[in-house]
>>> print(open('input.cif').read())   # mmCIF, N, CA and C atoms
data_input
loop_
_atom_site.label_atom_id
_atom_site.label_comp_id
_atom_site.auth_asym_id
_atom_site.auth_seq_id
_atom_site.Cartn_x
_atom_site.Cartn_y
_atom_site.Cartn_z
N MET A 1 0.85 -1.17 0.00
CA MET A 1 0.00 0.00 0.00
C MET A 1 0.89 1.23 0.00
N ASP A 2 0.43 2.25 -0.70
CA ASP A 2 1.20 3.49 -0.77
C ASP A 2 0.83 4.45 0.35
N VAL A 3 -0.46 4.50 0.69
CA VAL A 3 -0.93 5.46 1.69
C VAL A 3 -1.88 4.75 2.65
N PRO A 4 -1.45 4.49 3.91
CA PRO A 4 -2.38 3.95 4.89
C PRO A 4 -3.13 5.10 5.59
N VAL A 5 -4.44 4.96 5.69
CA VAL A 5 -5.25 5.98 6.35
C VAL A 5 -6.03 5.31 7.46
N ASP A 6 -5.78 5.72 8.70
CA ASP A 6 -6.51 5.18 9.85
C ASP A 6 -7.85 5.91 9.95
N MET A 7 -8.92 5.16 9.83
CA MET A 7 -10.27 5.71 9.85
C MET A 7 -10.82 5.73 11.28
N PRO A 8 -11.75 6.65 11.57
CA PRO A 8 -12.30 6.74 12.93
C PRO A 8 -12.99 5.46 13.40
N ASP A 9 -13.50 4.66 12.47
CA ASP A 9 -14.20 3.43 12.87
C ASP A 9 -13.26 2.25 13.08
N GLY A 10 -11.94 2.50 13.01
CA GLY A 10 -10.97 1.43 13.26
C GLY A 10 -10.44 0.75 12.02
N ARG A 11 -11.06 1.04 10.85
CA ARG A 11 -10.57 0.46 9.60
C ARG A 11 -9.27 1.15 9.19
N THR A 12 -8.50 0.43 8.39
CA THR A 12 -7.34 1.02 7.74
C THR A 12 -7.65 1.07 6.26
N LEU A 13 -7.77 2.27 5.74
CA LEU A 13 -7.94 2.45 4.31
C LEU A 13 -6.56 2.31 3.68
N ALA A 14 -6.37 1.27 2.91
CA ALA A 14 -5.06 0.97 2.31
C ALA A 14 -5.09 1.42 0.85
N VAL A 15 -4.53 2.60 0.58
CA VAL A 15 -4.63 3.19 -0.75
C VAL A 15 -3.40 2.82 -1.58
N GLU A 16 -3.66 2.22 -2.73
CA GLU A 16 -2.61 1.86 -3.70
C GLU A 16 -2.74 2.83 -4.87
N VAL A 17 -1.70 3.61 -5.14
CA VAL A 17 -1.75 4.62 -6.19
C VAL A 17 -0.96 4.14 -7.40
N LYS A 18 -1.59 4.22 -8.56
CA LYS A 18 -0.93 3.90 -9.83
C LYS A 18 -0.88 5.18 -10.65
N HIS A 19 0.33 5.65 -10.92
CA HIS A 19 0.52 6.91 -11.64
C HIS A 19 1.28 6.62 -12.92
N TYR A 20 0.56 6.43 -13.98
CA TYR A 20 1.15 6.14 -15.28
C TYR A 20 0.91 7.33 -16.19
N LEU A 21 1.70 7.44 -17.22
CA LEU A 21 1.53 8.55 -18.16
C LEU A 21 0.27 8.36 -19.00
N GLU A 22 -0.42 9.48 -19.23
CA GLU A 22 -1.62 9.41 -20.07
C GLU A 22 -1.23 9.04 -21.51
N TRP A 23 -0.17 9.65 -22.01
CA TRP A 23 0.32 9.36 -23.36
C TRP A 23 1.81 9.11 -23.28
N ARG A 24 2.30 8.25 -24.12
CA ARG A 24 3.75 8.04 -24.25
C ARG A 24 4.06 7.78 -25.71
N THR A 25 5.30 7.96 -26.06
CA THR A 25 5.71 7.76 -27.44
C THR A 25 6.51 6.47 -27.52
N ILE A 26 6.12 5.60 -28.44
CA ILE A 26 6.86 4.36 -28.64
C ILE A 26 7.58 4.42 -29.98
N LYS A 27 8.71 3.74 -30.04
CA LYS A 27 9.48 3.67 -31.27
C LYS A 27 9.16 2.35 -31.97
N LEU A 28 8.79 2.44 -33.24
CA LEU A 28 8.44 1.26 -34.02
C LEU A 28 9.69 0.66 -34.67
N SER A 29 9.57 -0.55 -35.15
CA SER A 29 10.73 -1.26 -35.72
C SER A 29 11.31 -0.53 -36.94
N ASP A 30 10.50 0.26 -37.63
CA ASP A 30 11.02 0.99 -38.79
C ASP A 30 11.69 2.31 -38.40
N GLY A 31 11.77 2.58 -37.09
CA GLY A 31 12.43 3.79 -36.60
C GLY A 31 11.48 4.96 -36.37
N SER A 32 10.27 4.86 -36.86
CA SER A 32 9.30 5.94 -36.64
C SER A 32 8.75 5.85 -35.22
N THR A 33 8.08 6.89 -34.81
CA THR A 33 7.48 6.92 -33.48
C THR A 33 5.98 7.12 -33.60
N ARG A 34 5.29 6.73 -32.53
CA ARG A 34 3.84 6.84 -32.53
C ARG A 34 3.37 7.10 -31.09
N PRO A 35 2.47 8.06 -30.88
CA PRO A 35 1.92 8.24 -29.54
C PRO A 35 0.93 7.13 -29.21
N VAL A 36 0.96 6.67 -27.97
CA VAL A 36 0.07 5.60 -27.52
C VAL A 36 -0.57 6.05 -26.22
N LYS A 37 -1.89 5.92 -26.14
CA LYS A 37 -2.60 6.25 -24.91
C LYS A 37 -2.25 5.21 -23.85
N GLY A 38 -1.85 5.68 -22.70
CA GLY A 38 -1.42 4.79 -21.64
C GLY A 38 -2.58 4.18 -20.87
N GLU A 39 -2.34 3.02 -20.31
CA GLU A 39 -3.26 2.38 -19.39
C GLU A 39 -2.42 1.49 -18.48
N VAL A 40 -2.97 1.19 -17.33
CA VAL A 40 -2.27 0.33 -16.37
C VAL A 40 -2.62 -1.11 -16.70
N PRO A 41 -1.62 -1.92 -17.05
CA PRO A 41 -1.90 -3.29 -17.48
C PRO A 41 -2.12 -4.23 -16.29
N LEU A 42 -2.75 -5.34 -16.58
CA LEU A 42 -2.81 -6.43 -15.61
C LEU A 42 -1.62 -7.33 -15.91
N ASN A 43 -0.62 -7.28 -15.05
CA ASN A 43 0.56 -8.12 -15.23
C ASN A 43 0.81 -8.91 -13.95
N ASP A 44 1.84 -9.73 -13.97
CA ASP A 44 2.11 -10.61 -12.81
C ASP A 44 2.35 -9.81 -11.53
N GLY A 45 3.05 -8.68 -11.64
CA GLY A 45 3.33 -7.87 -10.45
C GLY A 45 2.07 -7.29 -9.85
N ILE A 46 1.16 -6.81 -10.68
CA ILE A 46 -0.08 -6.23 -10.19
C ILE A 46 -1.00 -7.32 -9.64
N ILE A 47 -1.03 -8.47 -10.30
CA ILE A 47 -1.81 -9.60 -9.76
C ILE A 47 -1.31 -9.96 -8.36
N GLU A 48 0.00 -9.96 -8.18
CA GLU A 48 0.58 -10.26 -6.87
C GLU A 48 0.14 -9.21 -5.84
N GLN A 49 0.12 -7.93 -6.22
CA GLN A 49 -0.32 -6.88 -5.28
C GLN A 49 -1.79 -7.05 -4.91
N ILE A 50 -2.61 -7.36 -5.88
CA ILE A 50 -4.04 -7.56 -5.60
C ILE A 50 -4.24 -8.78 -4.70
N ASN A 51 -3.56 -9.86 -5.00
CA ASN A 51 -3.68 -11.06 -4.17
C ASN A 51 -3.20 -10.81 -2.74
N LYS A 52 -2.18 -9.98 -2.60
CA LYS A 52 -1.70 -9.61 -1.26
C LYS A 52 -2.78 -8.82 -0.52
N ASP A 53 -3.43 -7.89 -1.23
CA ASP A 53 -4.53 -7.15 -0.62
C ASP A 53 -5.65 -8.08 -0.18
N LEU A 54 -5.97 -9.07 -1.01
CA LEU A 54 -7.02 -10.02 -0.66
C LEU A 54 -6.66 -10.84 0.56
N THR A 55 -5.40 -11.26 0.64
CA THR A 55 -4.94 -12.03 1.80
C THR A 55 -5.02 -11.18 3.06
N LEU A 56 -4.54 -9.94 2.98
CA LEU A 56 -4.58 -9.06 4.15
C LEU A 56 -6.01 -8.77 4.58
N ARG A 57 -6.91 -8.61 3.61
CA ARG A 57 -8.31 -8.36 3.94
C ARG A 57 -8.94 -9.58 4.61
N ARG A 58 -8.58 -10.79 4.15
CA ARG A 58 -9.09 -12.02 4.79
C ARG A 58 -8.58 -12.15 6.23
N GLN A 59 -7.31 -11.80 6.43
CA GLN A 59 -6.70 -11.92 7.76
C GLN A 59 -7.17 -10.84 8.73
N ASP A 60 -7.49 -9.66 8.18
CA ASP A 60 -7.87 -8.53 9.03
C ASP A 60 -9.06 -7.81 8.41
N PRO A 61 -10.25 -8.00 8.95
CA PRO A 61 -11.44 -7.39 8.36
C PRO A 61 -11.44 -5.86 8.39
N THR A 62 -10.53 -5.25 9.15
CA THR A 62 -10.46 -3.79 9.18
C THR A 62 -9.57 -3.24 8.06
N TYR A 63 -8.91 -4.13 7.32
CA TYR A 63 -8.07 -3.73 6.19
C TYR A 63 -8.95 -3.52 4.97
N ASP A 64 -8.95 -2.32 4.42
CA ASP A 64 -9.86 -1.96 3.33
C ASP A 64 -9.06 -1.38 2.16
N PRO A 65 -8.67 -2.22 1.20
CA PRO A 65 -7.86 -1.73 0.08
C PRO A 65 -8.68 -0.90 -0.91
N ARG A 66 -8.06 0.16 -1.42
CA ARG A 66 -8.64 1.00 -2.47
C ARG A 66 -7.53 1.31 -3.46
N TRP A 67 -7.82 1.25 -4.72
CA TRP A 67 -6.83 1.55 -5.75
C TRP A 67 -7.22 2.85 -6.44
N VAL A 68 -6.21 3.70 -6.66
CA VAL A 68 -6.41 5.00 -7.29
C VAL A 68 -5.53 5.07 -8.53
N PHE A 69 -6.15 5.42 -9.65
CA PHE A 69 -5.44 5.53 -10.92
C PHE A 69 -5.40 7.00 -11.33
N LEU A 70 -4.19 7.51 -11.51
CA LEU A 70 -4.00 8.90 -11.91
C LEU A 70 -3.57 8.96 -13.36
N HIS A 71 -4.26 9.73 -14.15
CA HIS A 71 -3.93 10.01 -15.56
C HIS A 71 -4.18 8.85 -16.51
N ALA A 72 -3.80 7.65 -16.18
CA ALA A 72 -4.02 6.51 -17.07
C ALA A 72 -4.97 5.53 -16.38
N PRO A 73 -5.98 5.08 -17.09
CA PRO A 73 -6.96 4.17 -16.49
C PRO A 73 -6.43 2.74 -16.42
N PRO A 74 -7.11 1.89 -15.65
CA PRO A 74 -6.75 0.48 -15.67
C PRO A 74 -7.18 -0.14 -17.00
N SER A 75 -6.42 -1.12 -17.46
CA SER A 75 -6.84 -1.87 -18.66
C SER A 75 -8.15 -2.59 -18.33
N GLN A 76 -8.84 -3.03 -19.35
CA GLN A 76 -10.10 -3.76 -19.11
C GLN A 76 -9.85 -5.02 -18.29
N ALA A 77 -8.74 -5.70 -18.55
CA ALA A 77 -8.41 -6.92 -17.79
C ALA A 77 -8.18 -6.59 -16.32
N LEU A 78 -7.48 -5.49 -16.03
CA LEU A 78 -7.23 -5.09 -14.64
C LEU A 78 -8.54 -4.64 -13.99
N ARG A 79 -9.32 -3.89 -14.72
CA ARG A 79 -10.64 -3.46 -14.20
C ARG A 79 -11.48 -4.68 -13.81
N ASN A 80 -11.54 -5.68 -14.67
CA ASN A 80 -12.31 -6.89 -14.39
C ASN A 80 -11.76 -7.63 -13.17
N TYR A 81 -10.43 -7.69 -13.05
CA TYR A 81 -9.80 -8.39 -11.93
C TYR A 81 -10.12 -7.69 -10.61
N LEU A 82 -10.07 -6.35 -10.60
CA LEU A 82 -10.39 -5.60 -9.39
C LEU A 82 -11.87 -5.76 -9.02
N ILE A 83 -12.73 -5.74 -10.02
CA ILE A 83 -14.16 -5.93 -9.75
C ILE A 83 -14.42 -7.32 -9.17
N GLN A 84 -13.80 -8.33 -9.77
CA GLN A 84 -13.96 -9.70 -9.27
C GLN A 84 -13.43 -9.83 -7.84
N ALA A 85 -12.35 -9.10 -7.54
CA ALA A 85 -11.76 -9.14 -6.20
C ALA A 85 -12.52 -8.26 -5.20
N ARG A 86 -13.53 -7.53 -5.70
CA ARG A 86 -14.31 -6.59 -4.88
C ARG A 86 -13.42 -5.55 -4.22
N ILE A 87 -12.49 -5.02 -5.01
CA ILE A 87 -11.65 -3.92 -4.55
C ILE A 87 -12.15 -2.65 -5.24
N ILE A 88 -12.48 -1.67 -4.43
CA ILE A 88 -12.96 -0.39 -4.96
C ILE A 88 -11.79 0.33 -5.61
N PHE A 89 -12.05 0.92 -6.79
CA PHE A 89 -11.00 1.70 -7.44
C PHE A 89 -11.58 3.00 -7.98
N ILE A 90 -10.72 4.00 -8.05
CA ILE A 90 -11.10 5.34 -8.46
C ILE A 90 -10.17 5.76 -9.59
N GLU A 91 -10.72 6.38 -10.61
CA GLU A 91 -9.92 6.86 -11.73
C GLU A 91 -9.98 8.38 -11.80
N TYR A 92 -8.81 9.00 -11.88
CA TYR A 92 -8.71 10.44 -12.09
C TYR A 92 -8.03 10.67 -13.43
N GLY A 93 -8.62 11.48 -14.24
CA GLY A 93 -8.02 11.80 -15.53
C GLY A 93 -7.04 12.95 -15.39
N PRO A 94 -6.55 13.46 -16.51
CA PRO A 94 -5.64 14.59 -16.46
C PRO A 94 -6.36 15.84 -15.95
N ALA A 95 -5.58 16.76 -15.44
CA ALA A 95 -6.15 18.01 -14.96
C ALA A 95 -6.77 18.77 -16.13
N PRO A 96 -7.88 19.46 -15.89
CA PRO A 96 -8.50 20.24 -16.98
C PRO A 96 -7.55 21.31 -17.48
N LYS A 97 -7.64 21.61 -18.77
CA LYS A 97 -6.75 22.63 -19.35
C LYS A 97 -7.34 24.00 -19.16
#
>>> encode(input="input.cif", output="structure tokens")
Amino acid sequence: MDVPVDMPDGRTLAVEVKHYLEWRTIKLSDGSTRPVKGEVPLNDGIIEQINKDLTLRRQDPTYDPRWVFLHAPPSQALRNYLIQARIIFIEYGPAPK
């Protein structure tokens, strides 16, 4: 968890923050570049973090994980995994111009 918040009711709000770039430039095999909209992927490391949250929640009912996504949203696979795990997540887009 990135930010533990002790709540008045005794729960610990365990906030996991994912801060990925909204856009990034990738280099293609022909040497050209292309902008790609960023998203947070579901990979082995993130699955491990979610499973750790689930284990901690099972061991301690006052442990309440929340995931926060800044600028880049979760991929559909990650979104589905969090929903299945019943972990609340919040998405914040880029700041208004």
>>> residues_around(input="input.cif", residues="stretch 1-11 of chain A", least_positions_apart="6", cutoff="6 Å", atoms="all atoms listed in the file", output="PDB file with N, CA and C atoms, in the frame of the given file")
ATOM      1  N   VAL A  17      -1.700   3.610  -5.140  1.00  0.00           N
ATOM      2  CA  VAL A  17      -1.750   4.620  -6.190  1.00  0.00           C
ATOM      3  C   VAL A  17      -0.960   4.140  -7.400  1.00  0.00           C
ATOM      4  N   THR A  62     -10.530  -5.250   9.150  1.00  0.00           N
ATOM      5  CA  THR A  62     -10.460  -3.790   9.180  1.00  0.00           C
ATOM      6  C   THR A  62      -9.570  -3.240   8.060  1.00  0.00           C
ATOM      7  N   TYR A  63      -8.910  -4.130   7.320  1.00  0.00           N
ATOM      8  CA  TYR A  63      -8.070  -3.730   6.190  1.00  0.00           C
ATOM      9  C   TYR A  63      -8.950  -3.520   4.970  1.00  0.00           C
ATOM     10  N   ASP A  64      -8.950  -2.320   4.420  1.00  0.00           N
ATOM     11  CA  ASP A  64      -9.860  -1.960   3.330  1.00  0.00           C
ATOM     12  C   ASP A  64      -9.060  -1.380   2.160  1.00  0.00           C
TER      13      ASP A  64
END
>>> select_by_dssp(input="input.cif", residues="chain A", states="strand (DSSP E or B)", output="PyMOL selection string")
chain A and resi 3-6+12-19+23-27+33-37+40+63-70+74+88-92
>>> resolve_selection(input="input.cif", expression="the PyMOL selection byres ((chain A and resi 42) around 8)", output="list in words")
Glu39, Val40, Pro41, Asn43, Asp44, Gly45, Ile46, Ile47, Pro74, Ser75, Gln76, Ala77, Leu78 and Arg79 of chain A
>>> closest_residue(input="input.cif", among="A:Leu13, A:Asp53, A:Ala85, A:His19", to="A:Leu70", atoms="all atoms listed in the file")
A:His19
>>> resolve_selection(input="input.cif", expression="the PyMOL selection byres ((chain A and resi 23-38) around 7)", output="tab-separated table (two decimals) with N, CA and C atoms, in the frame of the given file")
chain	number	residue	atom	x	y	z
A	20	TYR	N	0.56	6.43	-13.98
A	20	TYR	CA	1.15	6.14	-15.28
A	20	TYR	C	0.91	7.33	-16.19
A	21	LEU	N	1.70	7.44	-17.22
A	21	LEU	CA	1.53	8.55	-18.16
A	21	LEU	C	0.27	8.36	-19.00
A	22	GLU	N	-0.42	9.48	-19.23
A	22	GLU	CA	-1.62	9.41	-20.07
A	22	GLU	C	-1.23	9.04	-21.51
A	39	GLU	N	-2.34	3.02	-20.31
A	39	GLU	CA	-3.26	2.38	-19.39
A	39	GLU	C	-2.42	1.49	-18.48
A	40	VAL	N	-2.97	1.19	-17.33
A	40	VAL	CA	-2.27	0.33	-16.37
A	40	VAL	C	-2.62	-1.11	-16.70
A	71	HIS	N	-4.26	9.73	-14.15
A	71	HIS	CA	-3.93	10.01	-15.56
A	71	HIS	C	-4.18	8.85	-16.51
A	72	ALA	N	-3.80	7.65	-16.18
A	72	ALA	CA	-4.02	6.51	-17.07
A	72	ALA	C	-4.97	5.53	-16.38
A	73	PRO	N	-5.98	5.08	-17.09
A	73	PRO	CA	-6.96	4.17	-16.49
A	73	PRO	C	-6.43	2.74	-16.42
>>> atom_distance(input="input.cif", atom1="atom CA of A:Glu48", atom2="atom CA of A:Asn80")
15.3 Å
>>> select_by_dssp(input="input.cif", residues="stretch 2-95 of chain A", states="alpha helix (DSSP H)", output="list in words")
Asp44, Gly45, Ile46, Ile47, Glu48, Gln49, Ile50, Asn51, Lys52, Asp53, Leu54, Thr55, Leu56, Arg57, Arg58, Gln59, Gln76, Ala77, Leu78, Arg79, Asn80, Tyr81, Leu82, Ile83 and Gln84 of chain A
>>> atom_distance(input="input.cif", atom1="atom N of A:Gln84", atom2="atom N of A:Pro61")
19.1 Å
>>> resolve_selection(input="input.cif", expression="the PyMOL selection byres ((chain A and resi 88) around 8)", output="count of residues only")
13
>>> atom_distance(input="input.cif", atom1="atom C of A:Asp60", atom2="atom C of A:Val15")
15.6 Å
